[in-house]
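What follows is a short report on a single structure.
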Amino acid sequence: MDTSALWLSLRLGLLTVLILLPFGILTGRWLAYRQFRGKAIVEAAVALPLVLPPTVFGYYLLVAFGAASPLGQAWTALTGQPLVFTFQGLLLASVIFNIPFAIQPMQRSFEAIPAEVRDAAACCGMTPFEALRRVELPLAWPGILTALVLSFAHTLGEFGIVLMVGGSIPGETKTVAIAIYDRVQAFDDAAAAKMSALLLAISLVAIAVTFALSGRIGRRRG
Amino acid sequence: MTLVIDIKHRLGSFLLDARFETGSGLVTLFGRSGSGKTSIINTIAGLIRPDKGRVTINGTVLVDTARGIFLPRHRRRIGYVFQEGRLFPHLTVRQNLLYGRWFAQPAARDDLDRVVDLLGIGSMLERRPGRLSGGEKQRVAIGRALLANPRLLLMDEPLASLDEARKAEILPYIERLRDQIRVPIVYVSHSIVEVTRLASTLVLLSEGKVAAVGPTTEIMHRLDLFPLTGRAEAGAIVEATVERHDERFALTELRSRAGLWRLPRLDAPVGARLRLRVRARDVMLAKSAPTDLSALNVLPGTVADIGAREGPIVEVRLDCSGEALIARLTRYSVERLGLVAGAPVFALIKSVALDRRSLSGPMRVGSSADAEANDT
């Protein structure tokens with residue numbers, strides 16, 4: 001089994017989730033409460049990674065991250081490293097392709113909070129930040145948890161985009177999903193089976209934990 | 001307290017253009033659905049930012065568009081009781097109440113025990129809102145708003161989502177609130193029963209504009225406002241005192257300026273003051289004192305005002321020794337009896353017709369079966 005690929009995937013998944021947590025909460029909440037011109041376009045853009053073929057998406061990311069692009073050049077000027085075929089670039093890509101998985105469940109759970117409950121919080125004298133911390137986040141928690149688990153599981157499993165943006169550099173961008181493909185190509189069925197079973201187990205546990213937690217929260221409110 | 005409202009606000013095709021000033025006590029915003037009641041209290045609470053205008057409480061400016069002032073809602077110290085309570089579902093009743101208090105200024109915080117006692121919610125403190133009835137939720141919501149130490153309490157049709165029995169359960173608590181707590185209340189309603197029981201001052205709204213402001217009784221007795229106050233349910237509000245109980249026939253005698261009233265036994269102590277609503281459609285008129293009549297209430301008076309003589313029905317207001325009564329008659333009867341202002345008449349009211357739901361005061365209204373029988 002390729003443990004370095006496994007650790008890389010776990011590290012990538014955790015960091016992706018950590019970055020998406022505040023970003024998803026702010027964006028999901030913004031999309032849930034604000035009405036503005038062009039909101040449908042923003043929502044469509046958020047959903048785009050769901051429908052775009054991973055290779056197509058990966059291709060555009062590769063172009064956007066490349067040494068010829070302003071983003072790639074700025075990154076290199078700032079850190080001295082390229083953005084493509086590095087862990088940092090892979091992490092950025094991972095954050096971007098997980099946007100719909102993180103934002104949509106969070107947006108739905110903020111939308112489910114009745115406006116009067118938020119108004120009541122303000123009328124009790126809570127500042128917007130206190131209302132977020134004491135009322136909105138506790139109520140939106142199941143959706144936020146779902147978003148994090150989905151993003152994490154999705155990061156472990158993503159293949160096409162990772163390959164396009166990261167290549168397959170051991171210890172840098174070779175994730176477990178790519179390692180499995182690698183092993184199958186090398187007719188090493190035993191290693192591929194082991195890693196696949198491990199991914200299956202991780203995914204099952206993550207989903208089970210989410211369902212159990214959100215079910216418990218739902219019942220407690222019942 | 002002085003609440004001054006002067007706002008203009010457009011919501012789609014609806015134009016709110018309201019200007020009024022009220023003193024302390026309970027103020028009711030009364031009008032049909034879509035007359036602008038909720039928009040006005042949402043503007044006071046800061047949930048709506050008006051296009052133009054000013055809102056002040058005791059000189060404190062909440063909104064002044066001319067000076068670019070808009071106090072954020074969490075800094076207004078205005079308690080809001082919504083139509084359906086809207087408690088924080090993830091917290092217990094106790095936590096809900098404390099969250100109301102948590103953010104209030106500590107110096108003037110209202111006492112938790114006192115509010116719990118006033119609203120009778122002591123037994124449900126550890127429960128979650130999901131396990132409360134609609135009426136219980138509303139009482140907790142009122143408590144949460146009170147504990148935030150508000151300078152003004154807004155109530156948006158707090159009984160609208162409740163059935164008759166639950167309404168009867170909550171109304172006494174709101175009356176206690178009005179009488180015992182010094183916080184002024186702005187109460188939105190389109191129920192004439194609630195208005196009769198609660199209001200000291202009435203702001204009558206119609207299509208986004210203020211049609212009249214004044215004491216509830218005065219406005220409810222104006223024949224020209226019946227199209228707005230509700231003609232079918234129109235009636236007079238009579239202040240009365242319990243004189244004695246007739247146990248043999250299970251009747252209660254009430255004394256008012258208009259005279260003596262007899263009605264089915266009320267559960268109220270002798271000497272208790274209460275408000276009686278006498279619907280115009282339950283009042284008959286006679287030119288001479290009738291004899292051999294089943295109706296127990298025969299009150300002498302004079303015709304004070306006669307409404308517009310159009311269509312089949314005409315309302316007539318009587319002056320019965322300073323107490324107003326309103327009768328709803330056919331135009332034919334008005335002509336046949338030759339009723340003109342100043343004419344002496346007798347008002348006849350069946351005891352069993354009196355609207356018991358709107359009785360208010362330190363009392364309970366008979367049995368629940370009794371209350372339901374009068375629900376029509």
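Residue numbering restarts at 1 for every chain of the structure tokens, chains are lettered A, B, ... in their displayed order, and ligands are numbered from 1 as they appear.
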List every residue of chain A that has an atom at most 8 Å from any atom of chain B, giving for each one its closest atom pair and the distance in Å to one decimal, counting only C-alpha atoms, sorted by chain and then by ascending residue number, as a Markdown table.
```
| residue | atom | partner | partner_atom | distance |
| --- | --- | --- | --- | --- |
| A:Pro114 | CA | B:Arg86 | CA | 7.9 |
| A:Glu116 | CA | B:Arg86 | CA | 6.1 |
| A:Val117 | CA | B:Arg86 | CA | 5.4 |
| A:Asp119 | CA | B:Leu47 | CA | 7.5 |
| A:Ala120 | CA | B:Tyr80 | CA | 6.8 |
| A:Ala121 | CA | B:His74 | CA | 8.0 |
| A:Ala122 | CA | B:His74 | CA | 4.5 |
| A:Cys123 | CA | B:His74 | CA | 5.4 |
| A:Cys124 | CA | B:Gly100 | CA | 4.9 |
| A:Gly125 | CA | B:His74 | CA | 4.3 |
| A:Met126 | CA | B:His74 | CA | 5.7 |
| A:Thr127 | CA | B:His74 | CA | 5.9 |
| A:Val135 | CA | B:Phe88 | CA | 7.0 |
| A:Pro138 | CA | B:His90 | CA | 7.1 |
| A:Leu139 | CA | B:His90 | CA | 6.7 |
| A:Arg221 | CA | B:Gly130 | CA | 6.0 |
| A:Gly222 | CA | B:Gly130 | CA | 5.4 |
```
Problem - Residues near Ala32 of chain A, cut-off 10 Å, only C-alpha atoms, skip fewer than 2 positions along chain, as a PyMOL selection string - result: chain A and resi 26-30+34-35+104+106-113
Taking the DSSP secondary structure from the backbone, can you list the residues of chain A that are alpha helix (DSSP H), as a JSON list (two decimals) with C-alpha atoms, in the first residue's frame?
```json
[["chain", "number", "residue", "atom", "x", "y", "z"],
["A", 3, "THR", "CA", 1.09, 5.16, 2.57],
["A", 4, "SER", "CA", 2.65, 8.40, 1.39],
["A", 5, "ALA", "CA", -0.20, 8.80, -1.14],
["A", 6, "LEU", "CA", -2.71, 8.05, 1.61],
["A", 7, "TRP", "CA", -1.24, 10.66, 3.95],
["A", 8, "LEU", "CA", -1.10, 13.16, 1.13],
["A", 9, "SER", "CA", -4.79, 12.63, 0.41],
["A", 10, "LEU", "CA", -5.74, 12.97, 4.08],
["A", 11, "ARG", "CA", -3.65, 16.12, 4.39],
["A", 12, "LEU", "CA", -5.20, 17.54, 1.22],
["A", 13, "GLY", "CA", -8.70, 16.67, 2.41],
["A", 14, "LEU", "CA", -8.25, 18.20, 5.86],
["A", 15, "LEU", "CA", -6.67, 21.42, 4.56],
["A", 16, "THR", "CA", -9.36, 21.76, 1.89],
["A", 17, "VAL", "CA", -12.07, 21.39, 4.53],
["A", 18, "LEU", "CA", -10.33, 23.87, 6.85],
["A", 19, "ILE", "CA", -10.19, 26.51, 4.12],
["A", 20, "LEU", "CA", -13.73, 25.82, 2.93],
["A", 21, "LEU", "CA", -15.28, 26.03, 6.41],
["A", 22, "PRO", "CA", -15.11, 29.83, 6.86],
["A", 23, "PHE", "CA", -15.38, 30.49, 3.12],
["A", 24, "GLY", "CA", -18.45, 28.27, 2.80],
["A", 25, "ILE", "CA", -20.17, 29.73, 5.85],
["A", 26, "LEU", "CA", -19.70, 33.31, 4.66],
["A", 27, "THR", "CA", -20.65, 32.60, 1.05],
["A", 28, "GLY", "CA", -23.48, 30.20, 1.87],
["A", 29, "ARG", "CA", -24.97, 32.67, 4.34],
["A", 30, "TRP", "CA", -24.59, 35.53, 1.88],
["A", 31, "LEU", "CA", -26.37, 33.56, -0.86],
["A", 32, "ALA", "CA", -29.07, 32.42, 1.57],
["A", 33, "TYR", "CA", -30.04, 35.86, 2.91],
["A", 39, "LYS", "CA", -27.64, 36.08, -7.90],
["A", 40, "ALA", "CA", -28.72, 33.33, -10.31],
["A", 41, "ILE", "CA", -25.43, 33.75, -12.18],
["A", 42, "VAL", "CA", -23.39, 33.44, -8.97],
["A", 43, "GLU", "CA", -25.36, 30.34, -7.99],
["A", 44, "ALA", "CA", -24.83, 28.83, -11.42],
["A", 45, "ALA", "CA", -21.11, 29.52, -11.18],
["A", 46, "VAL", "CA", -21.02, 27.83, -7.77],
["A", 47, "ALA", "CA", -22.76, 24.76, -9.22],
["A", 48, "LEU", "CA", -20.57, 24.60, -12.34],
["A", 49, "PRO", "CA", -18.01, 22.10, -10.99],
["A", 50, "LEU", "CA", -20.87, 19.62, -10.51],
["A", 51, "VAL", "CA", -21.57, 19.37, -14.22],
["A", 54, "PRO", "CA", -13.24, 16.92, -14.53],
["A", 55, "THR", "CA", -10.75, 16.91, -17.39],
["A", 56, "VAL", "CA", -12.26, 20.08, -18.84],
["A", 57, "PHE", "CA", -12.30, 21.74, -15.46],
["A", 58, "GLY", "CA", -8.75, 20.52, -14.82],
["A", 59, "TYR", "CA", -7.62, 21.88, -18.14],
["A", 60, "TYR", "CA", -8.88, 25.37, -17.39],
["A", 61, "LEU", "CA", -7.33, 25.28, -13.93],
["A", 62, "LEU", "CA", -4.05, 24.18, -15.48],
["A", 63, "VAL", "CA", -4.19, 27.14, -17.87],
["A", 64, "ALA", "CA", -5.17, 29.54, -15.07],
["A", 65, "PHE", "CA", -2.40, 28.30, -12.78],
["A", 70, "PRO", "CA", -1.24, 36.31, -14.24],
["A", 71, "LEU", "CA", -2.23, 34.09, -11.28],
["A", 72, "GLY", "CA", 0.67, 31.67, -11.88],
["A", 73, "GLN", "CA", 3.13, 34.53, -12.31],
["A", 74, "ALA", "CA", 1.92, 36.33, -9.19],
["A", 75, "TRP", "CA", 2.19, 33.13, -7.17],
["A", 76, "THR", "CA", 5.73, 32.48, -8.38],
["A", 77, "ALA", "CA", 6.74, 36.06, -7.68],
["A", 78, "LEU", "CA", 5.33, 35.73, -4.16],
["A", 79, "THR", "CA", 6.58, 32.27, -3.17],
["A", 87, "PHE", "CA", 0.90, 20.61, -3.40],
["A", 88, "GLN", "CA", -0.12, 24.24, -3.02],
["A", 89, "GLY", "CA", -1.56, 24.32, -6.52],
["A", 90, "LEU", "CA", -3.32, 21.03, -5.89],
["A", 91, "LEU", "CA", -4.82, 22.42, -2.67],
["A", 92, "LEU", "CA", -6.09, 25.51, -4.47],
["A", 93, "ALA", "CA", -7.64, 23.34, -7.19],
["A", 94, "SER", "CA", -9.17, 21.10, -4.54],
["A", 95, "VAL", "CA", -10.74, 24.08, -2.80],
["A", 96, "ILE", "CA", -12.19, 25.30, -6.09],
["A", 97, "PHE", "CA", -13.65, 22.02, -7.27],
["A", 99, "ILE", "CA", -17.03, 24.77, -3.82],
["A", 100, "PRO", "CA", -20.45, 23.36, -4.72],
["A", 101, "PHE", "CA", -20.16, 20.51, -2.21],
["A", 102, "ALA", "CA", -19.30, 22.97, 0.55],
["A", 103, "ILE", "CA", -21.53, 25.93, -0.28],
["A", 104, "GLN", "CA", -24.78, 24.32, -1.38],
["A", 105, "PRO", "CA", -25.54, 22.36, 1.84],
["A", 106, "MET", "CA", -24.52, 25.37, 3.94],
["A", 107, "GLN", "CA", -26.68, 27.71, 1.87],
["A", 108, "ARG", "CA", -29.69, 25.36, 2.23],
["A", 109, "SER", "CA", -29.26, 25.11, 5.99],
["A", 110, "PHE", "CA", -29.02, 28.89, 6.40],
["A", 111, "GLU", "CA", -32.08, 29.28, 4.18],
["A", 115, "ALA", "CA", -36.28, 35.09, 9.04],
["A", 116, "GLU", "CA", -38.25, 35.75, 12.24],
["A", 117, "VAL", "CA", -35.77, 33.71, 14.27],
["A", 118, "ARG", "CA", -32.95, 35.92, 13.02],
["A", 119, "ASP", "CA", -35.04, 39.03, 13.56],
["A", 120, "ALA", "CA", -35.80, 37.85, 17.09],
["A", 121, "ALA", "CA", -32.08, 37.48, 17.77],
["A", 122, "ALA", "CA", -31.48, 41.06, 16.65],
["A", 123, "CYS", "CA", -34.44, 42.33, 18.68],
["A", 128, "PRO", "CA", -24.90, 40.18, 13.76],
["A", 129, "PHE", "CA", -21.79, 38.29, 14.92],
["A", 130, "GLU", "CA", -23.42, 37.14, 18.16],
["A", 131, "ALA", "CA", -26.53, 36.07, 16.26],
["A", 137, "LEU", "CA", -24.45, 28.35, 13.45],
["A", 138, "PRO", "CA", -26.11, 26.03, 15.99],
["A", 139, "LEU", "CA", -29.16, 25.79, 13.72],
["A", 140, "ALA", "CA", -27.20, 25.43, 10.47],
["A", 141, "TRP", "CA", -24.79, 22.90, 12.02],
["A", 142, "PRO", "CA", -26.14, 19.73, 10.31],
["A", 143, "GLY", "CA", -25.79, 21.35, 6.88],
["A", 144, "ILE", "CA", -22.30, 22.61, 7.67],
["A", 145, "LEU", "CA", -21.23, 19.16, 8.85],
["A", 146, "THR", "CA", -22.69, 17.55, 5.73],
["A", 147, "ALA", "CA", -20.81, 20.06, 3.59],
["A", 148, "LEU", "CA", -17.50, 19.27, 5.31],
["A", 149, "VAL", "CA", -17.89, 15.50, 5.07],
["A", 150, "LEU", "CA", -18.92, 15.68, 1.42],
["A", 151, "SER", "CA", -15.97, 17.91, 0.57],
["A", 152, "PHE", "CA", -13.54, 15.68, 2.43],
["A", 153, "ALA", "CA", -14.81, 12.48, 0.82],
["A", 154, "HIS", "CA", -14.89, 14.13, -2.57],
["A", 155, "THR", "CA", -11.30, 15.33, -2.19],
["A", 156, "LEU", "CA", -10.11, 11.79, -1.44],
["A", 157, "GLY", "CA", -11.85, 10.49, -4.54],
["A", 160, "GLY", "CA", -9.26, 13.85, -13.27],
["A", 161, "ILE", "CA", -8.62, 17.33, -11.94],
["A", 162, "VAL", "CA", -5.84, 16.15, -9.64],
["A", 163, "LEU", "CA", -4.10, 14.45, -12.51],
["A", 164, "MET", "CA", -4.41, 17.51, -14.77],
["A", 165, "VAL", "CA", -3.24, 20.11, -12.23],
["A", 166, "GLY", "CA", -0.94, 18.05, -10.04],
["A", 176, "VAL", "CA", -4.47, 7.87, -3.13],
["A", 177, "ALA", "CA", -6.98, 7.89, -5.99],
["A", 178, "ILE", "CA", -4.12, 8.24, -8.45],
["A", 179, "ALA", "CA", -2.06, 5.67, -6.61],
["A", 180, "ILE", "CA", -4.89, 3.17, -7.05],
["A", 181, "TYR", "CA", -4.97, 3.82, -10.78],
["A", 182, "ASP", "CA", -1.19, 3.48, -10.81],
["A", 183, "ARG", "CA", -1.33, 0.11, -9.06],
["A", 184, "VAL", "CA", -4.02, -1.19, -11.43],
["A", 185, "GLN", "CA", -1.89, -0.15, -14.40],
["A", 189, "ASP", "CA", -4.26, -5.84, -7.78],
["A", 190, "ALA", "CA", -3.57, -6.55, -4.11],
["A", 191, "ALA", "CA", -2.40, -2.98, -3.37],
["A", 192, "ALA", "CA", -5.21, -1.47, -5.45],
["A", 193, "ALA", "CA", -7.78, -3.59, -3.61],
["A", 194, "LYS", "CA", -6.39, -2.63, -0.19],
["A", 195, "MET", "CA", -6.41, 1.09, -0.92],
["A", 196, "SER", "CA", -9.84, 0.94, -2.53],
["A", 197, "ALA", "CA", -11.23, -0.89, 0.49],
["A", 198, "LEU", "CA", -9.69, 1.73, 2.77],
["A", 199, "LEU", "CA", -11.27, 4.59, 0.78],
["A", 200, "LEU", "CA", -14.60, 2.78, 0.84],
["A", 201, "ALA", "CA", -14.34, 2.39, 4.63],
["A", 202, "ILE", "CA", -13.42, 6.04, 5.17],
["A", 203, "SER", "CA", -16.30, 7.21, 2.97],
["A", 204, "LEU", "CA", -18.79, 4.91, 4.73],
["A", 205, "VAL", "CA", -17.71, 6.06, 8.18],
["A", 206, "ALA", "CA", -17.85, 9.73, 7.18],
["A", 207, "ILE", "CA", -21.35, 9.44, 5.73],
["A", 208, "ALA", "CA", -22.58, 7.37, 8.68],
["A", 209, "VAL", "CA", -21.25, 9.92, 11.16],
["A", 210, "THR", "CA", -22.95, 12.77, 9.30],
["A", 211, "PHE", "CA", -26.29, 11.01, 9.16],
["A", 212, "ALA", "CA", -26.12, 10.01, 12.80],
["A", 213, "LEU", "CA", -25.23, 13.51, 13.98],
["A", 214, "SER", "CA", -27.76, 15.39, 11.90],
["A", 215, "GLY", "CA", -30.40, 12.80, 12.80],
["A", 216, "ARG", "CA", -29.68, 13.30, 16.48],
["A", 217, "ILE", "CA", -29.82, 17.07, 16.17],
["A", 218, "GLY", "CA", -33.10, 16.81, 14.25],
["A", 219, "ARG", "CA", -34.67, 14.57, 16.90],
["A", 220, "ARG", "CA", -33.56, 16.77, 19.76],
["A", 221, "ARG", "CA", -35.43, 19.69, 18.20]]
```
Practice task
Using atom CA of Gly135 of chain B and atom CA of Arg176 of chain B as the two end points, give the distance in Å to one decimal.
Solution key: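 These two atoms are separated by 15.8 Å.
Distance annotation: of B:Gly271, B:Pro172, B:Gly34, B:Pro344, the residue with the minimal separation from Val303 of chain B is B:Pro344; atom set is only C-alpha atoms.
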Problem - Selection: 8 Å around Ser200 of chain B, only C-alpha atoms, excl. self and same-chain fewer than 6 positions, as a list in words - result: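 With the cut-off at 8 Å, the set is Gly25, Leu26, Val27, Thr28, Pro215 and Thr216 of chain B.
Excluding segment 65-68 of chain B and any residue on its chain fewer than 6 positions from it, the residues at most 12 Å away by only C-alpha atoms are B:Asp6, B:Ile7, B:Lys8, B:His9, B:Arg49, B:Pro50, B:Asp51, B:Lys52, B:Gly53, B:Arg54, B:Val55, B:Thr56.
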Practice task
Tell me which protein, DNA and RNA residues are within 12 Å of Val270 of chain B, counting only C-alpha atoms, leaving out same-chain ones fewer than 3 positions away, and put them as a list in words.
Solution key: Ala240, Thr241, Val242, Glu243, Arg244, His245, Asp246, Thr252, Glu253, Leu254, Arg255, Arg265, Leu266, Asp267, Arg273, Leu274, Pro362 and Met363 of chain B
Those residues with C-alpha atoms, as a PDB file, in the first residue's frame please?
```pdb
ATOM      1  CA  ALA B 240     -69.849  48.133  33.420  1.00  0.00           C
ATOM      2  CA  THR B 241     -69.494  47.000  37.028  1.00  0.00           C
ATOM      3  CA  VAL B 242     -70.720  43.700  38.467  1.00  0.00           C
ATOM      4  CA  GLU B 243     -73.656  44.604  40.743  1.00  0.00           C
ATOM      5  CA  ARG B 244     -74.853  41.212  41.988  1.00  0.00           C
ATOM      6  CA  HIS B 245     -75.308  37.589  41.039  1.00  0.00           C
ATOM      7  CA  ASP B 246     -78.756  35.992  40.828  1.00  0.00           C
ATOM      8  CA  THR B 252     -75.301  38.336  36.668  1.00  0.00           C
ATOM      9  CA  GLU B 253     -76.429  41.932  36.918  1.00  0.00           C
ATOM     10  CA  LEU B 254     -74.115  44.645  35.608  1.00  0.00           C
ATOM     11  CA  ARG B 255     -74.440  48.347  36.224  1.00  0.00           C
ATOM     12  CA  ARG B 265     -73.821  34.112  35.152  1.00  0.00           C
ATOM     13  CA  LEU B 266     -70.271  35.465  34.902  1.00  0.00           C
ATOM     14  CA  ASP B 267     -67.419  34.226  37.020  1.00  0.00           C
ATOM     15  CA  ARG B 273     -65.194  46.463  36.317  1.00  0.00           C
ATOM     16  CA  LEU B 274     -65.418  45.070  32.843  1.00  0.00           C
ATOM     17  CA  PRO B 362     -60.636  40.432  36.357  1.00  0.00           C
ATOM     18  CA  MET B 363     -62.762  37.437  35.536  1.00  0.00           C
TER      19      MET B 363
END
```
Practice task
For Val238 of chain B, please output as number ranges by chain all residues within 9 Å (counting only C-alpha atoms; exclusion window: fewer than 6 positions along the same chain).
Solution key: B: 217, 256-258, 274-278, 323-325
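Taking atom CA of Phe14 of chain B and atom CA of Leu205 of chain B as endpoints, the distance between them is 13.4 Å.
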Exercise for the section: Would you please give, as an NGL selection string, all residues of segment 104-260 of chain B that DSSP assigns to strand (DSSP E or B) based on the backbone? Expected result: :B and (152-156 or 185-189 or 201-206 or 209-215 or 235-246 or 251-256 or 259-260)
